[in-house]
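Novice: My structure is in final_6.csv, and what it holds is CSV, C-alpha atoms:
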```csv
chain,number,residue,atom,x,y,z
Y,6,MET,CA,-11.1,14.3,-30.1
Y,7,PRO,CA,-11.5,15.9,-26.7
Y,8,ARG,CA,-8.4,17.4,-25.1
Y,9,ALA,CA,-6.8,15.0,-22.5
Y,10,VAL,CA,-7.2,16.1,-19.0
Y,11,ARG,CA,-4.0,17.6,-17.5
Y,12,VAL,CA,-3.1,16.0,-14.2
Y,13,ALA,CA,-0.7,17.3,-11.6
Y,14,TYR,CA,-0.1,14.2,-9.3
Y,15,PHE,CA,1.3,14.8,-5.8
Y,16,ALA,CA,2.8,11.5,-4.6
Y,17,ASP,CA,3.8,11.0,-1.0
Y,18,SER,CA,5.6,7.8,-2.0
Y,19,PHE,CA,7.0,6.9,-5.5
Y,20,HIS,CA,10.4,5.3,-5.4
Y,21,GLU,CA,9.8,3.2,-2.2
Y,22,VAL,CA,8.7,-0.4,-2.0
Y,23,ASN,CA,5.0,-0.2,-1.0
Y,24,GLY,CA,1.5,-0.2,-2.6
Y,25,MET,CA,1.2,3.6,-2.9
Y,26,ALA,CA,4.6,3.9,-4.6
Y,27,ARG,CA,3.8,1.1,-7.0
Y,28,THR,CA,0.4,2.6,-7.9
Y,29,SER,CA,2.1,6.0,-8.4
Y,30,ARG,CA,4.7,4.5,-10.7
Y,31,GLU,CA,2.1,2.7,-12.7
Y,32,LEU,CA,-0.1,5.8,-13.2
Y,33,ASP,CA,3.0,7.7,-14.3
Y,34,ALA,CA,4.0,4.9,-16.7
Y,35,TYR,CA,0.5,4.7,-18.1
Y,36,ALA,CA,0.5,8.4,-18.8
Y,37,ARG,CA,3.9,8.2,-20.6
Y,38,ARG,CA,2.8,5.3,-22.7
Y,39,GLY,CA,-0.4,7.1,-23.8
Y,40,GLU,CA,1.5,10.5,-24.1
Y,41,LEU,CA,-1.0,12.0,-21.6
Y,42,PRO,CA,-0.3,15.3,-19.9
Y,43,PHE,CA,0.8,14.2,-16.4
Y,44,LEU,CA,3.1,16.0,-14.0
Y,45,CYS,CA,4.3,14.0,-11.1
Y,46,ILE,CA,5.5,15.8,-7.9
Y,47,ARG,CA,7.4,13.4,-5.6
Y,48,ALA,CA,10.3,13.0,-3.3
Y,49,GLY,CA,13.7,12.0,-4.6
Y,50,GLU,CA,17.4,11.8,-3.7
Y,51,THR,CA,18.0,15.2,-5.3
Y,52,THR,CA,15.8,18.2,-6.0
Y,53,ARG,CA,15.4,18.6,-9.8
Y,54,THR,CA,12.7,19.4,-12.4
Y,55,THR,CA,12.2,17.5,-15.6
Y,56,ALA,CA,9.6,17.7,-18.4
Y,57,ASN,CA,7.3,15.3,-16.6
Y,58,ALA,CA,8.3,15.4,-12.9
Y,59,VAL,CA,9.4,17.5,-10.0
Y,60,GLU,CA,11.6,15.6,-7.5
Y,61,LEU,CA,12.0,17.1,-4.0
Y,62,ARG,CA,14.7,16.1,-1.6
Y,63,ARG,CA,13.4,15.7,1.9
Y,64,ALA,CA,15.5,17.3,4.7
Y,65,THR,CA,17.6,15.3,7.0
Y,66,THR,CA,15.4,16.5,9.9
Y,67,SER,CA,12.4,14.7,8.4
Y,68,ILE,CA,10.2,12.7,10.8
Y,69,PRO,CA,10.4,8.9,10.1
Y,70,VAL,CA,7.0,7.4,9.3
Y,71,ASP,CA,8.3,4.0,8.1
Y,72,LYS,CA,11.6,2.3,7.2
Y,73,ASP,CA,11.8,4.1,3.9
Y,74,LEU,CA,9.3,6.9,4.3
Y,75,ALA,CA,9.4,10.2,6.1
Y,76,PHE,CA,7.4,13.4,6.6
Y,77,ASP,CA,9.3,16.7,6.0
Y,78,PRO,CA,7.7,19.6,7.9
Y,79,LEU,CA,10.1,21.9,6.1
Y,80,LEU,CA,9.0,20.9,2.6
Y,81,GLY,CA,7.6,24.4,2.1
Y,82,ARG,CA,11.0,25.5,1.1
Y,83,HIS,CA,10.3,23.9,-2.3
Y,84,LEU,CA,7.0,25.8,-2.9
Y,85,LEU,CA,8.4,28.3,-5.4
Y,86,ARG,CA,9.9,25.5,-7.6
Y,87,VAL,CA,6.6,23.5,-7.6
Y,88,ARG,CA,4.5,26.6,-8.2
Y,89,ASN,CA,6.6,27.5,-11.3
Y,90,ALA,CA,6.3,24.0,-12.6
Y,91,ILE,CA,2.5,24.0,-12.2
Y,92,ARG,CA,2.3,27.4,-13.9
Y,93,ARG,CA,4.2,26.0,-16.9
Y,94,PHE,CA,2.2,22.8,-16.9
Y,95,LYS,CA,-1.3,24.4,-16.5
Y,96,PRO,CA,-3.1,21.4,-15.0
Y,97,ASP,CA,-6.9,20.9,-15.0
Y,98,LEU,CA,-6.9,19.1,-11.7
Y,99,ILE,CA,-4.6,18.0,-8.9
Y,100,HIS,CA,-4.5,14.4,-7.5
Y,101,SER,CA,-3.1,14.0,-4.0
Y,102,THR,CA,-2.2,10.6,-2.6
Y,103,GLY,CA,-3.0,11.5,1.0
Y,104,PRO,CA,-2.2,13.7,4.0
Y,105,GLY,CA,1.5,13.3,3.8
Y,106,ASP,CA,4.0,16.1,3.3
Y,107,ILE,CA,3.8,16.1,-0.6
Y,108,GLY,CA,0.1,15.3,-0.6
Y,109,LEU,CA,-0.7,18.3,1.6
Y,110,MET,CA,1.3,20.4,-0.8
Y,111,GLY,CA,-1.0,19.3,-3.5
Y,112,VAL,CA,-4.0,20.4,-1.4
Y,113,TYR,CA,-2.3,23.8,-1.0
Y,114,PHE,CA,-1.9,24.3,-4.7
Y,115,ALA,CA,-5.4,23.1,-5.5
Y,116,HIS,CA,-6.7,25.9,-3.3
Y,117,HIS,CA,-4.1,28.4,-4.5
Y,118,PHE,CA,-4.9,27.8,-8.2
Y,119,ASP,CA,-8.6,27.1,-7.6
Y,120,LEU,CA,-8.3,23.6,-9.1
Y,121,PRO,CA,-10.5,20.5,-8.6
Y,122,LEU,CA,-8.8,18.1,-6.1
Y,123,VAL,CA,-8.8,14.4,-6.4
Y,124,ALA,CA,-7.6,12.3,-3.5
Y,125,SER,CA,-6.8,8.6,-3.1
Y,126,TRP,CA,-6.6,6.5,0.1
Y,127,HIS,CA,-3.6,4.2,0.3
Y,128,HIS,CA,-2.9,3.7,4.0
Y,129,ASN,CA,-5.2,3.1,7.0
Y,130,LEU,CA,-3.3,5.9,8.9
Y,131,HIS,CA,-5.8,5.7,11.9
Y,132,GLU,CA,-5.1,2.0,12.4
Y,133,LEU,CA,-1.4,2.5,11.9
Y,134,ALA,CA,-1.4,5.2,14.6
Y,135,ALA,CA,-3.3,2.9,17.0
Y,136,ARG,CA,-1.1,-0.1,16.4
Y,137,ARG,CA,2.1,1.9,16.9
Y,138,LEU,CA,0.7,3.3,20.1
Y,139,GLN,CA,-0.3,-0.1,21.3
Y,140,PHE,CA,3.1,-1.4,20.5
Y,141,ILE,CA,4.6,1.3,22.7
Y,142,LEU,CA,2.1,0.8,25.6
Y,143,ASP,CA,2.9,-3.0,25.6
Y,144,HIS,CA,6.5,-2.2,26.6
Y,145,PRO,CA,7.4,-3.1,30.2
Y,146,LEU,CA,8.1,0.5,30.9
Y,147,PHE,CA,4.3,1.1,30.8
Y,148,SER,CA,3.3,-2.1,32.6
Y,149,PHE,CA,2.0,0.0,35.5
Y,150,LEU,CA,-0.9,1.2,33.3
Y,151,PRO,CA,-4.2,-0.7,33.6
Y,152,LYS,CA,-5.0,-2.6,30.4
Y,153,ALA,CA,-8.4,-1.0,30.2
Y,154,TYR,CA,-6.8,2.4,30.3
Y,155,ALA,CA,-4.2,1.5,27.6
Y,156,ASP,CA,-7.0,0.1,25.4
Y,157,PHE,CA,-9.1,3.2,25.9
Y,158,VAL,CA,-6.2,5.5,24.9
Y,159,THR,CA,-5.5,3.4,21.8
Y,160,LEU,CA,-9.1,3.5,20.8
Y,161,LEU,CA,-9.3,7.2,21.3
Y,162,THR,CA,-6.2,7.7,19.2
Y,163,GLU,CA,-7.6,5.6,16.4
Y,164,ARG,CA,-10.9,7.5,16.4
Y,165,GLY,CA,-9.2,10.9,16.6
Y,166,ALA,CA,-6.8,10.0,13.7
Y,167,LEU,CA,-9.7,8.8,11.6
Y,168,GLU,CA,-11.6,12.1,12.2
Y,169,GLY,CA,-8.5,14.1,11.2
Y,170,VAL,CA,-7.9,12.1,8.0
Y,171,ALA,CA,-11.6,12.4,7.1
Y,172,LEU,CA,-11.2,16.2,7.1
Y,173,PHE,CA,-8.5,15.8,4.4
Y,174,TYR,CA,-10.8,13.7,2.1
Y,175,LYS,CA,-13.7,16.0,2.5
Y,176,LEU,CA,-11.8,18.6,0.6
Y,177,ALA,CA,-11.7,16.4,-2.6
Y,178,GLN,CA,-14.2,16.5,-5.4
Y,179,ALA,CA,-13.4,12.9,-6.1
Y,180,THR,CA,-11.9,10.1,-4.0
Y,181,PHE,CA,-10.4,6.7,-4.8
Y,182,ALA,CA,-10.2,3.8,-2.3
Y,183,PRO,CA,-8.7,0.3,-2.9
Y,184,ASN,CA,-11.3,-2.0,-1.4
Y,185,PRO,CA,-15.1,-2.0,-1.0
Y,186,ALA,CA,-15.1,-1.6,2.8
Y,187,LEU,CA,-13.0,1.6,2.5
Y,188,VAL,CA,-15.3,2.9,-0.3
Y,189,ASP,CA,-18.3,2.5,2.0
Y,190,MET,CA,-16.4,4.0,5.0
Y,191,LEU,CA,-15.2,7.1,3.1
Y,192,GLU,CA,-18.6,7.7,1.6
Y,193,ASP,CA,-20.1,7.7,5.1
Y,194,LEU,CA,-17.3,10.0,6.4
Y,195,THR,CA,-17.3,12.5,3.5
Y,196,GLY,CA,-20.9,12.3,2.2
Y,197,LYS,CA,-19.5,12.0,-1.4
Y,198,ARG,CA,-19.2,9.3,-3.9
Y,199,VAL,CA,-16.0,7.3,-3.7
Y,200,HIS,CA,-14.5,5.3,-6.6
Y,201,LEU,CA,-13.0,1.8,-6.3
Y,202,MET,CA,-9.3,1.8,-7.4
Y,203,PRO,CA,-7.8,-1.7,-7.0
Y,204,ARG,CA,-4.2,-2.5,-7.9
Y,205,GLY,CA,-3.0,-4.5,-10.8
Y,206,VAL,CA,-0.2,-6.9,-11.1
Y,207,ASP,CA,2.5,-7.6,-13.7
Y,208,THR,CA,1.6,-11.2,-14.5
Y,209,ASP,CA,4.5,-11.6,-16.9
Y,210,MET,CA,7.1,-10.7,-14.2
Y,211,PHE,CA,5.2,-12.4,-11.3
Y,212,HIS,CA,4.9,-15.9,-12.8
Y,213,PRO,CA,5.1,-19.5,-11.6
Y,214,SER,CA,7.9,-20.2,-14.1
Y,215,LYS,CA,10.3,-18.3,-11.7
Y,216,ARG,CA,10.2,-21.3,-9.3
Y,217,PHE,CA,13.5,-23.2,-9.2
Y,218,ARG,CA,13.8,-24.5,-5.6
Y,219,GLN,CA,14.4,-28.2,-5.2
Y,220,ASP,CA,15.5,-28.6,-1.6
Y,221,GLY,CA,12.3,-30.3,-0.5
Y,222,SER,CA,11.5,-28.1,2.5
Y,223,PHE,CA,8.1,-26.6,2.9
Y,224,THR,CA,8.6,-22.8,2.6
Y,225,LEU,CA,6.3,-20.3,4.4
Y,226,GLY,CA,6.7,-16.8,3.0
Y,227,PHE,CA,6.0,-13.3,4.0
Y,228,ALA,CA,6.7,-10.1,2.1
Y,229,GLY,CA,6.1,-6.5,3.4
Y,230,ARG,CA,7.2,-4.0,5.9
Y,231,LEU,CA,8.2,-5.6,9.2
Y,232,GLN,CA,6.2,-3.3,11.4
Y,233,PRO,CA,3.9,-3.8,14.4
Y,234,GLU,CA,0.8,-3.0,12.4
Y,235,LYS,CA,1.6,-5.9,10.0
Y,236,ASN,CA,1.1,-8.4,12.9
Y,237,VAL,CA,4.3,-10.2,12.0
Y,238,ARG,CA,4.9,-11.5,15.5
Y,239,LEU,CA,2.2,-14.0,14.7
Y,240,LEU,CA,4.8,-15.8,12.6
Y,241,VAL,CA,6.7,-16.7,15.8
Y,242,ASP,CA,3.5,-18.1,17.3
Y,243,LEU,CA,2.9,-20.0,14.1
Y,244,GLN,CA,6.3,-21.6,14.3
Y,245,LYS,CA,5.4,-23.1,17.7
Y,246,HIS,CA,2.5,-25.0,16.2
Y,247,LEU,CA,4.2,-26.3,13.1
Y,248,PRO,CA,4.2,-30.1,12.9
Y,249,ALA,CA,7.6,-31.9,12.9
Y,250,GLY,CA,9.2,-31.8,9.5
Y,251,ASN,CA,11.4,-29.8,7.1
Y,252,HIS,CA,10.0,-26.3,7.2
Y,253,LYS,CA,11.4,-22.8,6.8
Y,254,PHE,CA,10.4,-19.2,6.6
Y,255,VAL,CA,11.4,-16.7,3.9
Y,256,ILE,CA,10.9,-13.1,5.1
Y,257,VAL,CA,11.1,-10.4,2.4
Y,258,GLY,CA,11.2,-6.9,3.7
Y,259,ASP,CA,12.6,-4.9,6.5
Y,260,GLY,CA,11.5,-2.8,9.5
Y,261,PHE,CA,11.4,-2.3,13.2
Y,262,GLU,CA,10.3,-5.9,13.9
Y,263,ARG,CA,13.2,-7.6,12.0
Y,264,ASN,CA,15.4,-8.1,15.0
Y,265,TYR,CA,12.5,-9.6,17.0
Y,266,LEU,CA,11.8,-12.1,14.3
Y,267,ALA,CA,15.4,-12.9,13.6
Y,268,ARG,CA,16.0,-13.8,17.3
Y,269,ARG,CA,13.0,-16.1,17.5
Y,270,LEU,CA,12.5,-17.8,14.1
Y,271,LYS,CA,14.7,-20.8,14.1
Y,272,ARG,CA,14.8,-21.4,10.4
Y,273,ALA,CA,14.3,-18.2,8.5
Y,274,ASP,CA,16.0,-16.4,5.6
Y,275,PHE,CA,15.7,-12.6,5.8
Y,276,THR,CA,16.2,-11.1,2.3
Y,277,GLY,CA,15.6,-7.5,3.0
Y,278,PHE,CA,13.6,-5.5,0.5
Y,279,LEU,CA,13.4,-7.0,-2.9
Y,280,ASP,CA,11.8,-5.7,-6.1
Y,281,GLY,CA,11.4,-6.7,-9.7
Y,282,ASP,CA,12.6,-10.1,-10.9
Y,283,ASP,CA,14.3,-10.8,-7.5
Y,284,LEU,CA,11.0,-10.4,-5.7
Y,285,ALA,CA,9.2,-12.5,-8.3
Y,286,LYS,CA,11.7,-15.4,-7.7
Y,287,ALA,CA,11.3,-15.1,-4.0
Y,288,TYR,CA,7.5,-15.4,-4.2
Y,289,ALA,CA,7.6,-18.3,-6.8
Y,290,ASN,CA,9.8,-20.4,-4.5
Y,291,MET,CA,7.4,-20.2,-1.6
Y,292,ASP,CA,4.8,-22.9,-0.9
Y,293,LEU,CA,2.4,-20.9,1.1
Y,294,PHE,CA,2.2,-17.1,1.6
Y,295,VAL,CA,1.3,-16.2,5.2
Y,296,TYR,CA,0.0,-12.7,5.6
Y,297,PRO,CA,-1.3,-11.9,9.1
Y,298,SER,CA,-1.8,-8.1,8.7
Y,299,CYS,CA,-5.2,-6.7,9.6
Y,300,THR,CA,-4.5,-3.1,8.5
Y,301,ASP,CA,-3.6,-3.4,4.8
Y,302,THR,CA,-5.9,-1.4,2.5
Y,303,TYR,CA,-5.3,-3.8,-0.5
Y,304,GLY,CA,-2.6,-6.4,-0.2
Y,305,THR,CA,-0.3,-5.9,-3.2
Y,306,ALA,CA,2.1,-8.6,-1.9
Y,307,VAL,CA,-0.8,-11.1,-1.6
Y,308,GLN,CA,-1.7,-10.4,-5.3
Y,309,GLU,CA,1.9,-10.7,-6.5
Y,310,ALA,CA,2.3,-14.0,-4.6
Y,311,MET,CA,-0.9,-15.3,-6.2
Y,312,ALA,CA,0.4,-14.3,-9.6
Y,313,CYS,CA,3.4,-16.5,-8.9
Y,314,GLY,CA,1.1,-19.4,-8.1
Y,315,VAL,CA,1.5,-19.2,-4.4
Y,316,PRO,CA,-1.8,-19.5,-2.4
Y,317,PRO,CA,-2.1,-17.1,0.5
Y,318,VAL,CA,-3.5,-17.4,4.0
Y,319,VAL,CA,-4.8,-14.0,5.2
Y,320,ARG,CA,-6.9,-12.4,7.9
Y,321,ASP,CA,-10.5,-11.4,7.4
Y,322,GLN,CA,-9.8,-7.7,8.2
Y,323,GLY,CA,-8.4,-5.2,5.7
Y,324,GLY,CA,-8.1,-5.4,2.0
Y,325,PRO,CA,-6.3,-8.8,1.3
Y,326,HIS,CA,-9.4,-10.9,2.0
Y,327,TYR,CA,-11.1,-9.4,-1.0
Y,328,LEU,CA,-8.5,-11.0,-3.2
Y,329,VAL,CA,-9.0,-14.5,-1.8
Y,330,ASP,CA,-11.8,-17.0,-2.4
Y,331,SER,CA,-11.3,-19.1,0.7
Y,332,GLY,CA,-10.7,-22.8,0.0
Y,333,VAL,CA,-10.4,-22.1,-3.7
Y,334,ASN,CA,-7.2,-20.1,-4.2
Y,335,GLY,CA,-6.1,-19.6,-0.6
Y,336,TYR,CA,-7.7,-19.2,2.8
Y,337,VAL,CA,-9.3,-16.4,4.9
Y,338,ALA,CA,-8.9,-16.8,8.6
Y,339,ARG,CA,-11.3,-15.4,11.2
Y,340,SER,CA,-8.7,-14.9,13.9
Y,341,ASP,CA,-5.0,-15.3,14.5
Y,342,ALA,CA,-5.5,-18.8,15.9
Y,343,HIS,CA,-7.6,-19.7,12.9
Y,344,LEU,CA,-4.9,-18.5,10.6
Y,345,ILE,CA,-2.4,-20.8,12.4
Y,346,ARG,CA,-4.8,-23.8,12.0
Y,347,ARG,CA,-5.2,-23.1,8.3
Y,348,VAL,CA,-1.5,-23.1,7.7
Y,349,VAL,CA,-1.0,-26.3,9.8
Y,350,ASP,CA,-3.8,-28.0,7.9
Y,351,VAL,CA,-2.2,-27.3,4.5
Y,352,ILE,CA,1.1,-28.6,5.6
Y,353,ALA,CA,-0.6,-31.7,6.9
Y,354,ASP,CA,-2.3,-32.3,3.6
Y,355,PRO,CA,-0.1,-30.9,0.8
Y,356,THR,CA,-2.3,-32.6,-1.9
Y,357,ARG,CA,-4.4,-29.4,-1.7
Y,358,LEU,CA,-1.6,-27.3,-3.1
Y,359,PRO,CA,-1.7,-28.0,-6.9
Y,360,ALA,CA,-5.3,-26.8,-7.2
Y,361,LEU,CA,-4.8,-23.9,-4.9
Y,362,ARG,CA,-1.7,-22.8,-6.9
Y,363,ALA,CA,-3.5,-23.0,-10.2
Y,364,ASN,CA,-6.5,-21.1,-8.9
Y,365,ALA,CA,-4.3,-18.4,-7.3
Y,366,ARG,CA,-2.6,-17.7,-10.6
Y,367,GLU,CA,-5.9,-17.5,-12.4
Y,368,ALA,CA,-7.4,-15.1,-9.9
Y,369,ALA,CA,-4.4,-12.7,-10.1
Y,370,CYS,CA,-4.6,-12.6,-13.9
Y,371,ARG,CA,-8.0,-11.0,-13.8
Y,372,THR,CA,-6.7,-7.5,-12.9
Y,373,SER,CA,-4.2,-5.6,-15.0
Y,374,TRP,CA,-2.7,-2.2,-14.3
Y,375,GLU,CA,-3.9,-1.1,-17.8
Y,376,ARG,CA,-7.5,-1.6,-16.8
Y,377,VAL,CA,-6.9,0.1,-13.4
Y,378,CYS,CA,-5.4,3.1,-15.0
Y,379,ASP,CA,-8.1,3.3,-17.7
Y,380,ASP,CA,-10.7,3.5,-14.9
Y,381,VAL,CA,-8.8,6.3,-13.1
Y,382,TRP,CA,-8.6,8.4,-16.2
Y,383,ASN,CA,-12.3,7.8,-16.9
Y,384,VAL,CA,-13.0,9.3,-13.5
Y,385,TYR,CA,-10.7,12.2,-14.2
Y,386,ASP,CA,-12.8,12.9,-17.3
Y,387,THR,CA,-16.0,13.2,-15.3
Y,388,ILE,CA,-14.8,15.7,-12.7
Y,389,PRO,CA,-16.4,19.1,-13.2
Y,390,GLY,CA,-14.4,22.4,-13.0
Y,391,LEU,CA,-12.1,23.4,-15.8
Y,392,PRO,CA,-9.6,26.1,-15.0
Y,393,SER,CA,-11.4,29.1,-13.7
Y,394,PRO,CA,-10.7,32.8,-14.6
Y,395,ARG,CA,-8.8,33.1,-11.4
Y,396,LEU,CA,-6.5,30.3,-12.5
Y,397,SER,CA,-6.0,31.8,-16.0
Y,398,ALA,CA,-4.9,35.1,-14.4
Y,399,LEU,CA,-2.4,33.3,-12.1
Y,400,LEU,CA,-1.0,31.1,-14.8
Y,401,HIS,CA,-0.4,33.9,-17.4
```
Represent the structure contained in this file as C-alpha cells.
Specialist:
Amino acid sequence: MPRAVRVAYFADSFHEVNGMARTSRELDAYARRGELPFLCIRAGETTRTTANAVELRRATTSIPVDKDLAFDPLLGRHLLRVRNAIRRFKPDLIHSTGPGDIGLMGVYFAHHFDLPLVASWHHNLHELAARRLQFILDHPLFSFLPKAYADFVTLLTERGALEGVALFYKLAQATFAPNPALVDMLEDLTGKRVHLMPRGVDTDMFHPSKRFRQDGSFTLGFAGRLQPEKNVRLLVDLQKHLPAGNHKFVIVGDGFERNYLARRLKRADFTGFLDGDDLAKAYANMDLFVYPSCTDTYGTAVQEAMACGVPPVVRDQGGPHYLVDSGVNGYVARSDAHLIRRVVDVIADPTRLPALRANAREAACRTSWERVCDDVWNVYDTIPGLPSPRLSALLH
C-alpha cells in the first residue's frame, strides 16, 4: 500500500463561520477519520502546538478584513514555531487557502523547504475590493466625484486586485476552485490545470425535520455576512414590493450592514451568527431563502438551506446559481429587479412551494463532504515532486 501523502495545510480561516473555514474543518476532520498525515496551521485564540495543528494568535494590531477575520502583518513572529513543526512533520506538500496572512506563510515555507505548493480559491478578493471601494465612494462625502470617474476607479481596482491575486496562484503546482466559471478563469490566468472543488453539506444536520414554526407568516430568510459585497440592501428594496400579508425576514449573520438593515426592515429577526443545530433550525423554519449576492464563489448557505428543504432565489452571477435548477428547486434571477419579481411570484402562488422544497432537498443530498475530500486527496496523489535532497538536508 503506497505511503499516504503528508499535507501541511495553511488555513487563513478555520474557526470562523464562512465557506473557507467550513472547508478547512472538513478536510481536517476527514484526515483524522482516515488517520491521514495532516498538519493544520491556522489562527486561534491562543498560540499553541499540538500533534495535528499549530494555532497562531493574531496580534491586536491586525487589519480587519471581515467581521470575524483579520490580516496580521506581524505574523512572522511565529515563523520559528511553524518551521519547527514542519521539520518534525516532514510534509510532502503544502496546501495554502489563499493570499491571506497564514496562506502567504504557507507559500514562504513551500519555497523555503522546496516543497510542491497547492492552492485553493475561496473568496473573490478582487470583487470584494471593488465592492468595498464602491460602498465608500457612494458615501455623500464623495458626492463631488463624477459617477464615471468613480466607476473607472472601481473597475481599475478590481482589475489590479485580480492581477495581484493571479500572481499568487501562478506559484502553485495545483489549484482548486469551487465553481466551473472560476476554474475556467484561473486556468486562463495561470496557464495551468485547475481542479473543481465544490463543498459538501451535512444532510443529517441540515434537514427538513428541524422545521417547527406554526405562526403562519411567510418567512423570507438570509444567512451570511452582512457586508456590502453581499448585496444585502436589496432586501430593503424587496420589502417595498411585497404584497400585503403576513411576511417577515429572518436574517442570520452579522456585519457592517446590520444597522442599515435593522433600521429599514419593518419585520425582521436578527439572530447574529449561528452554527450547527441552531443554524439548521433557522434554515428549516424559512419558507424561501433570498440570496442576492453576486460575489460568492460557491454558496454554502444556499446549499445548507436547500438541504433543509428551503428553495432559494439567487442571482445569476457567482457560484450559487450552479446549485440551482431554476424553476425546479429554486430560482435564478437575471437582475436585482428580476430577483424581486421571482420572490413576489412565489408569495403570490405558494402552491409551488411543496415541489420546490422536495427538489431542493434532493439536489443538496447529491454532494457529500466525504466525496469532496476523496477528490482532494486524489489530486494530492497526482502532484509530482517528492521531498528533494535540499529538503532532506533541512529537515534532518
Novice: Excluding same-chain residues fewer than 5 positions from Arg38 in chain Y, what lies within 12 Å of it counting only C-alpha atoms, as a count of residues only?
Specialist: 6
Novice: List the neighbours of Gly304 in chain Y out to 9 Å using only C-alpha atoms; skip same-chain residues closer than 3 positions along the sequence, and give me the result as a ChimeraX atom specification.
Specialist: /Y:24,204,296,301,307-309,323-326,328
Novice: Find the residues near Ser18 in chain Y: any atom within 10 Å, counting all atoms listed in the file, skip ones fewer than 2 places away on the same chain, and give them as a ChimeraX atom specification.
Specialist: /Y:15-16,20-30,46-49,73-75,102-103,105-108
Novice: Give me the residues within 10 Å of Arg371 in chain Y as a PDB file with C-alpha atoms, in the frame of the given file, counting all atoms listed in the file and dropping any in the same chain fewer than 4 places off.
Specialist:
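Written out: out-v1.pdb:
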```
ATOM      1  CA  GLY Y 205      -3.000  -4.500 -10.800  1.00  0.00           C
ATOM      2  CA  VAL Y 206      -0.200  -6.900 -11.100  1.00  0.00           C
ATOM      3  CA  THR Y 208       1.600 -11.200 -14.500  1.00  0.00           C
ATOM      4  CA  ALA Y 312       0.400 -14.300  -9.600  1.00  0.00           C
ATOM      5  CA  ARG Y 366      -2.600 -17.700 -10.600  1.00  0.00           C
ATOM      6  CA  GLU Y 367      -5.900 -17.500 -12.400  1.00  0.00           C
ATOM      7  CA  ARG Y 376      -7.500  -1.600 -16.800  1.00  0.00           C
TER       8      ARG Y 376
END
```
Novice: Fewer than 3 positions away in the same chain doesn't count, so skip those; otherwise give me all residues within 10 Å of range 245-260 of chain Y, counting all atoms listed in the file, as a PyMOL selection string.
Specialist: chain Y and resi 22+71-73+220-233+237+240-242+263-264+266-267+270-280+284+287-288+290-291+293-295+345-346+348-350+352-353
Novice: Restricting the calculation to all atoms listed in the file, which member of Y:Thr180, Y:Thr356, Y:Thr52, Y:Thr387 is positioned closest to Ser101 in chain Y?
Specialist: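 For Ser101 in chain Y, the nearest of the candidates is Y:Thr180.
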Novice: May I ask for the distance between CA of Thr300 in chain Y and CA of Val112 in chain Y, given in Å to one decimal place?
Specialist: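 According to the coordinates, CA of Thr300 in chain Y and CA of Val112 in chain Y are separated by 25.5 Å.
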Novice: Rounded to one decimal in Å, what is the spacing between CA of Tyr35 in chain Y and CA of Gly81 in chain Y?
Specialist: 29.1 Å
Novice: Interatomic distance between CA of Leu84 in chain Y and CA of Pro42 in chain Y?
Specialist: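 Here the two named atoms are 21.3 Å from each other.
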Novice: Would you mind telling me which residue in Y:Arg198, Y:Arg93, Y:Arg320, Y:Arg216 lies nearest to Asp282 in chain Y when using only C-alpha atoms?
Specialist: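 Among the listed residues, Y:Arg216 lies closest to Asp282 in chain Y.
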Novice: (6.9, -20.9, -11.8) in this file's frame - what residues fall within 10 Å of it? Use all atoms listed in the file and give the answer as a ChimeraX atom specification.
Specialist: /Y:211-218,285-286,288-290,312-315
Novice: Of the candidates Y:Val170, Y:Val337, Y:Leu122, Y:Ala306, which shows the shortest atom-to-atom distance to Tyr14 in chain Y, using all atoms listed in the file?
Specialist: Y:Leu122
Novice: Using all atoms listed in the file, can you list as a list of chain:residue names the residues within 12 Å of (4.4, 22.2, 2.4)?
Specialist: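 All residues meeting the 12 Å criterion around (4.4, 22.2, 2.4) are Y:Phe15, Y:Asp17, Y:Leu61, Y:Arg63, Y:Phe76, Y:Asp77, Y:Pro78, Y:Leu79, Y:Leu80, Y:Gly81, Y:Arg82, Y:His83, Y:Leu84, Y:Leu85, Y:Arg86, Y:Val87, Y:Arg88, Y:Pro104, Y:Gly105, Y:Asp106, Y:Ile107, Y:Gly108, Y:Leu109, Y:Met110, Y:Gly111, Y:Val112, Y:Tyr113, Y:Phe114.
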Novice: I need the residue nearest Asp380 in chain Y from this list: Y:Met202, Y:Ala182, Y:Ala90, Y:Ala338. Use all atoms listed in the file for the distance.
Specialist: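 Using all atoms listed in the file, Asp380 in chain Y sits closest to Y:Met202.
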